[in-house]
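J.: Before I ask anything, here is the structure I am working with.
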Amino acid sequence: MTAVGIDGIEIWTGKLKLDLPGTFAPEKGDDPEKYTKGLGLTNSSFPDVYEDIVTMGANAAKGLMDRKGLEPEDVGRIDVATESAFDHSKPVSTYIAGCLEQVYDGDFTHANKGERKFACLAGTQAIDDAYNWIRAGRNRDRPAIVITTDTALYARGDPGEATQGAGAVAMLIDEDPSIVELSTDQGYGSKDETDFLKPNQQFPSVDGKRSVQVYLSRMREALEDYESVTDDIELEDFTYAPFHTPFPGMVRKAALLAYRHVIRDTEHEDALADEIGRQPREADYEDREAYEEAIRGYMDELKTTEQYQTWYDTAVEPTLELSREVGNWYTSSVHIARVSALRDALTRDREFVGETLLVASYGSGAQAEIHAETIREGWRAEIEGLDIDDQLDARYDLTWDEYEDVHDVHEYDMDVEREIEEFTQPDGEFVFTGWGRMNERKYEYVE
């Protein structure tokens, strides 16, 4: 069976930066380590006044098409995953296709276009859709482009304000892929939840403590479901474990839970027995409450062990590199975690072909998906071609007052009375130019 997976990746970050320890923390009267060590974040990316989810997605897609030498006639499908859509009917993919048609010969009239919504999980689901479309033989030998694009804004003063971010990832899904082959095995954990939602509103309503527990519960269920179709998971099976990363501090919790689950009844648990004992078994306790208290105690000790810390520093910590610099990109977060892992392998000059990633995606509302991806022969050239470091270095560093202005500009319902000047100059990219006669958003390409 021919491999199907990710053949190319391109990233576009918002062109503005908010320094969390240097600018955000002093304004809030907080210790900078609340953000750098607690949340695990250093900076957040924001869109300039001429940027939005369409421009970021279109710019990422154009970069991908140019690098892969594609024209519109070569692409059979464009799917956009976002939870920042501004239209309840017209999908963002049509706006992005319209942007791309400004700069390429030909058009995308033949291409299937759609928009996926399941909070941050939607990007992974869109990849699943493209995979199934190709496997079904309905692609007519054409690849799909999957674009994840979001501006993750929170209301001013909301506890989630420090985790904001904006950016897009474009991925080419095709047969005989250059970067990773997708596994046919998947595990799911899904349940009707109200941990994070946006009922006809731009800013999320979040039950913070509940959201953490829902995230961990769905991840545990997905891991158990994945094991049911793949037999046992061994730590040695996976080189990196990219997680959905709303902020790195959340991943620390999920990684510890996953590690405890995977080492249960293995030599890794045996090796820790003299140091911290064996994991509590529910049958040994009178009630669930006592068992859960024992589990919490065991995990508090587990995370301090050299064995766990070595695994975390090797398999998980490298996946957080980009997230620390850009904040939460919602549908893109697990996909920049994957790129961070690949960049780490490149830096270490790993012999990486044939090794495996265990990818853990999540979306509030709530559902988790876990699957494996196998590294392909062309991964190195594809990751070397990314210019994300140049983009990060070029971001404009916002003052607090400028941050307030930018936040106002990107609030859908905010009527900004004075014109906010752009902070950067567009150069070879798509920009937002205003509204059309039916209140649609308009775009053009600036050389």
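Chain identifiers are assigned as A, B, and so on, following the order in which chains appear in the structure tokens; residues are numbered from 1 within each chain, and ligands are numbered from 1 in order of appearance.
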Just want the 9 Å neighbourhood of stretch 157-161 of chain A, counted on only C-alpha atoms, with same-chain residues fewer than 4 positions away dropped. Output as JSON, numbers by chain.
T.: {"A": [153, 206, 208]}
J.: Using 12 Å as the limit and counting only C-alpha atoms, can you tabulate each residue of stretch 174-281 of chain A that touches stretch 400-422 of chain A, with its shortest atom-to-atom distance in Å and the two atoms involved, as JSON lines?
T.:
```
{"residue": "A:Asn200", "atom": "CA", "partner": "A:Tyr412", "partner_atom": "CA", "distance": 11.7}
{"residue": "A:Gln201", "atom": "CA", "partner": "A:Tyr412", "partner_atom": "CA", "distance": 9.2}
{"residue": "A:Gln202", "atom": "CA", "partner": "A:Tyr412", "partner_atom": "CA", "distance": 7.2}
{"residue": "A:Phe203", "atom": "CA", "partner": "A:Glu411", "partner_atom": "CA", "distance": 8.8}
```
J.: Would you mind exporting N, CA and C atoms of the selected residues as a PDB file, in the first residue's frame?
T.:
```
ATOM      1  N   ASN A 200     -21.489  32.050  19.714  1.00  0.00           N
ATOM      2  CA  ASN A 200     -21.753  33.307  19.000  1.00  0.00           C
ATOM      3  C   ASN A 200     -20.948  34.471  19.569  1.00  0.00           C
ATOM      4  N   GLN A 201     -19.677  34.205  19.853  1.00  0.00           N
ATOM      5  CA  GLN A 201     -18.808  35.245  20.401  1.00  0.00           C
ATOM      6  C   GLN A 201     -17.387  34.980  19.939  1.00  0.00           C
ATOM      7  N   GLN A 202     -16.602  36.040  19.844  1.00  0.00           N
ATOM      8  CA  GLN A 202     -15.222  35.901  19.394  1.00  0.00           C
ATOM      9  C   GLN A 202     -14.323  35.350  20.486  1.00  0.00           C
ATOM     10  N   PHE A 203     -14.488  35.857  21.706  1.00  0.00           N
ATOM     11  CA  PHE A 203     -13.612  35.445  22.797  1.00  0.00           C
ATOM     12  C   PHE A 203     -14.172  34.215  23.491  1.00  0.00           C
TER      13      PHE A 203
END
```
J.: Need to verify the contact set: A:Ala130, 7 Å, only C-alpha atoms, exclusion of same-chain residues closer than 4 positions in sequence. Can you return it as a list in words?
T.: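 Neighbouring residues, sequence-local ones excluded: Ala126, Ile134, Ala144 and Ile173 of chain A.
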J.: Using N, CA, C and O atoms, can you export the residues from the last selection as an mmCIF file, in the first residue's frame?
T.:
```cif
data_model
loop_
_atom_site.group_PDB
_atom_site.id
_atom_site.type_symbol
_atom_site.label_atom_id
_atom_site.label_comp_id
_atom_site.auth_asym_id
_atom_site.auth_seq_id
_atom_site.Cartn_x
_atom_site.Cartn_y
_atom_site.Cartn_z
ATOM 1 N N ALA A 126 -8.661 17.603 9.551
ATOM 2 C CA ALA A 126 -8.562 17.954 8.133
ATOM 3 C C ALA A 126 -7.502 17.106 7.440
ATOM 4 O O ALA A 126 -7.669 16.716 6.275
ATOM 5 N N ILE A 134 -7.519 10.670 -0.406
ATOM 6 C CA ILE A 134 -6.484 10.089 -1.269
ATOM 7 C C ILE A 134 -6.585 8.569 -1.264
ATOM 8 O O ILE A 134 -6.548 7.923 -2.318
ATOM 9 N N ALA A 144 -3.601 17.301 -1.574
ATOM 10 C CA ALA A 144 -4.447 18.257 -0.844
ATOM 11 C C ALA A 144 -3.574 19.222 -0.064
ATOM 12 O O ALA A 144 -2.486 18.860 0.401
ATOM 13 N N ILE A 173 -0.604 17.229 1.688
ATOM 14 C CA ILE A 173 -0.889 15.824 1.964
ATOM 15 C C ILE A 173 -0.910 15.086 0.635
ATOM 16 O O ILE A 173 -1.669 15.417 -0.267
#
```
J.: Counting only C-alpha atoms, what is within 10 Å of A:Ala60, bar same-chain residues fewer than 6 positions away, as a PyMOL selection string?
T.: chain A and resi 9-13+54+147-149+167-171+429
J.: Between A:Thr2, A:Thr304, A:Ser205, A:Thr23, which has the minimum distance to A:Tyr154 (counting only C-alpha atoms)?
T.: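 The answer is A:Ser205, which sits nearest to A:Tyr154.
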J.: Against stretch 340-349 of chain A, which residues of stretch 241-322 of chain A fall within 10 Å? For each one I want the closest pair of atoms and the distance in Å (one decimal), counting only C-alpha atoms, rows by chain and increasing residue number, as JSON lines.
T.:
```
{"residue": "A:Ala241", "atom": "CA", "partner": "A:Ala341", "partner_atom": "CA", "distance": 8.2}
{"residue": "A:Pro242", "atom": "CA", "partner": "A:Ala341", "partner_atom": "CA", "distance": 7.2}
{"residue": "A:Thr314", "atom": "CA", "partner": "A:Asp344", "partner_atom": "CA", "distance": 9.8}
{"residue": "A:Ala315", "atom": "CA", "partner": "A:Ala341", "partner_atom": "CA", "distance": 8.3}
{"residue": "A:Val316", "atom": "CA", "partner": "A:Ala341", "partner_atom": "CA", "distance": 8.2}
{"residue": "A:Glu317", "atom": "CA", "partner": "A:Ala341", "partner_atom": "CA", "distance": 8.8}
{"residue": "A:Pro318", "atom": "CA", "partner": "A:Ala341", "partner_atom": "CA", "distance": 5.7}
{"residue": "A:Thr319", "atom": "CA", "partner": "A:Ala341", "partner_atom": "CA", "distance": 4.6}
{"residue": "A:Leu320", "atom": "CA", "partner": "A:Ser340", "partner_atom": "CA", "distance": 6.6}
{"residue": "A:Glu321", "atom": "CA", "partner": "A:Ser340", "partner_atom": "CA", "distance": 5.8}
{"residue": "A:Leu322", "atom": "CA", "partner": "A:Ser340", "partner_atom": "CA", "distance": 6.1}
```
J.: How would the residues just picked look written out with all heavy atoms as a CSV table (one decimal), in the first residue's frame?
T.:
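Writing done, so here's again-v7.csv:
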```csv
chain,number,residue,atom,x,y,z
A,241,ALA,N,7.3,13.0,21.1
A,241,ALA,CA,5.9,12.9,21.3
A,241,ALA,C,5.3,14.4,21.3
A,241,ALA,O,5.2,15.0,22.3
A,241,ALA,CB,5.6,12.3,22.7
A,242,PRO,N,5.0,14.9,20.1
A,242,PRO,CA,4.3,16.2,20.0
A,242,PRO,C,2.9,16.2,20.5
A,242,PRO,O,2.1,15.4,20.1
A,242,PRO,CB,4.4,16.5,18.5
A,242,PRO,CG,5.3,15.5,17.9
A,242,PRO,CD,5.2,14.3,18.8
A,314,THR,N,14.1,14.5,26.4
A,314,THR,CA,14.5,14.0,25.1
A,314,THR,C,13.3,13.9,24.1
A,314,THR,O,13.4,14.3,23.0
A,314,THR,CB,15.0,12.5,25.2
A,314,THR,OG1,16.2,12.6,26.1
A,314,THR,CG2,15.4,12.0,23.9
A,315,ALA,N,12.1,13.5,24.6
A,315,ALA,CA,11.0,13.2,23.7
A,315,ALA,C,10.0,14.3,23.7
A,315,ALA,O,9.2,14.4,22.7
A,315,ALA,CB,10.3,11.9,24.2
A,316,VAL,N,9.9,15.1,24.7
A,316,VAL,CA,8.8,16.1,24.8
A,316,VAL,C,9.3,17.6,24.7
A,316,VAL,O,8.8,18.4,24.0
A,316,VAL,CB,7.9,15.9,26.0
A,316,VAL,CG1,6.8,17.0,26.1
A,316,VAL,CG2,7.3,14.5,26.0
A,317,GLU,N,10.3,17.9,25.6
A,317,GLU,CA,10.8,19.3,25.7
A,317,GLU,C,11.1,19.9,24.3
A,317,GLU,O,10.8,21.0,24.1
A,317,GLU,CB,12.0,19.3,26.6
A,317,GLU,CG,12.6,20.7,26.8
A,317,GLU,CD,11.6,21.7,27.5
A,317,GLU,OE1,10.7,21.3,28.2
A,317,GLU,OE2,11.8,22.9,27.2
A,318,PRO,N,11.8,19.1,23.4
A,318,PRO,CA,12.1,19.7,22.1
A,318,PRO,C,10.9,20.1,21.3
A,318,PRO,O,11.1,21.0,20.4
A,318,PRO,CB,13.0,18.6,21.4
A,318,PRO,CG,13.5,17.8,22.5
A,318,PRO,CD,12.4,17.8,23.6
A,319,THR,N,9.8,19.5,21.5
A,319,THR,CA,8.6,19.8,20.7
A,319,THR,C,8.0,21.2,21.1
A,319,THR,O,7.1,21.6,20.4
A,319,THR,CB,7.5,18.7,20.9
A,319,THR,OG1,6.9,18.8,22.2
A,319,THR,CG2,8.1,17.3,20.7
A,320,LEU,N,8.4,21.8,22.2
A,320,LEU,CA,7.8,23.0,22.7
A,320,LEU,C,8.6,24.3,22.3
A,320,LEU,O,8.2,25.4,22.6
A,320,LEU,CB,7.8,23.0,24.2
A,320,LEU,CG,7.2,21.7,24.9
A,320,LEU,CD1,7.3,21.8,26.4
A,320,LEU,CD2,5.7,21.6,24.4
A,321,GLU,N,9.6,24.1,21.5
A,321,GLU,CA,10.5,25.3,21.1
A,321,GLU,C,9.7,26.4,20.5
A,321,GLU,O,9.8,27.6,20.9
A,321,GLU,CB,11.6,24.8,20.2
A,321,GLU,CG,12.5,25.9,19.6
A,321,GLU,CD,13.0,25.6,18.3
A,321,GLU,OE1,12.6,24.6,17.6
A,321,GLU,OE2,13.9,26.4,17.8
A,322,LEU,N,9.0,26.1,19.5
A,322,LEU,CA,8.2,27.2,18.8
A,322,LEU,C,7.1,27.8,19.6
A,322,LEU,O,6.8,29.0,19.6
A,322,LEU,CB,7.8,26.7,17.4
A,322,LEU,CG,8.8,26.4,16.4
A,322,LEU,CD1,8.2,25.8,15.1
A,322,LEU,CD2,9.6,27.7,16.0
```
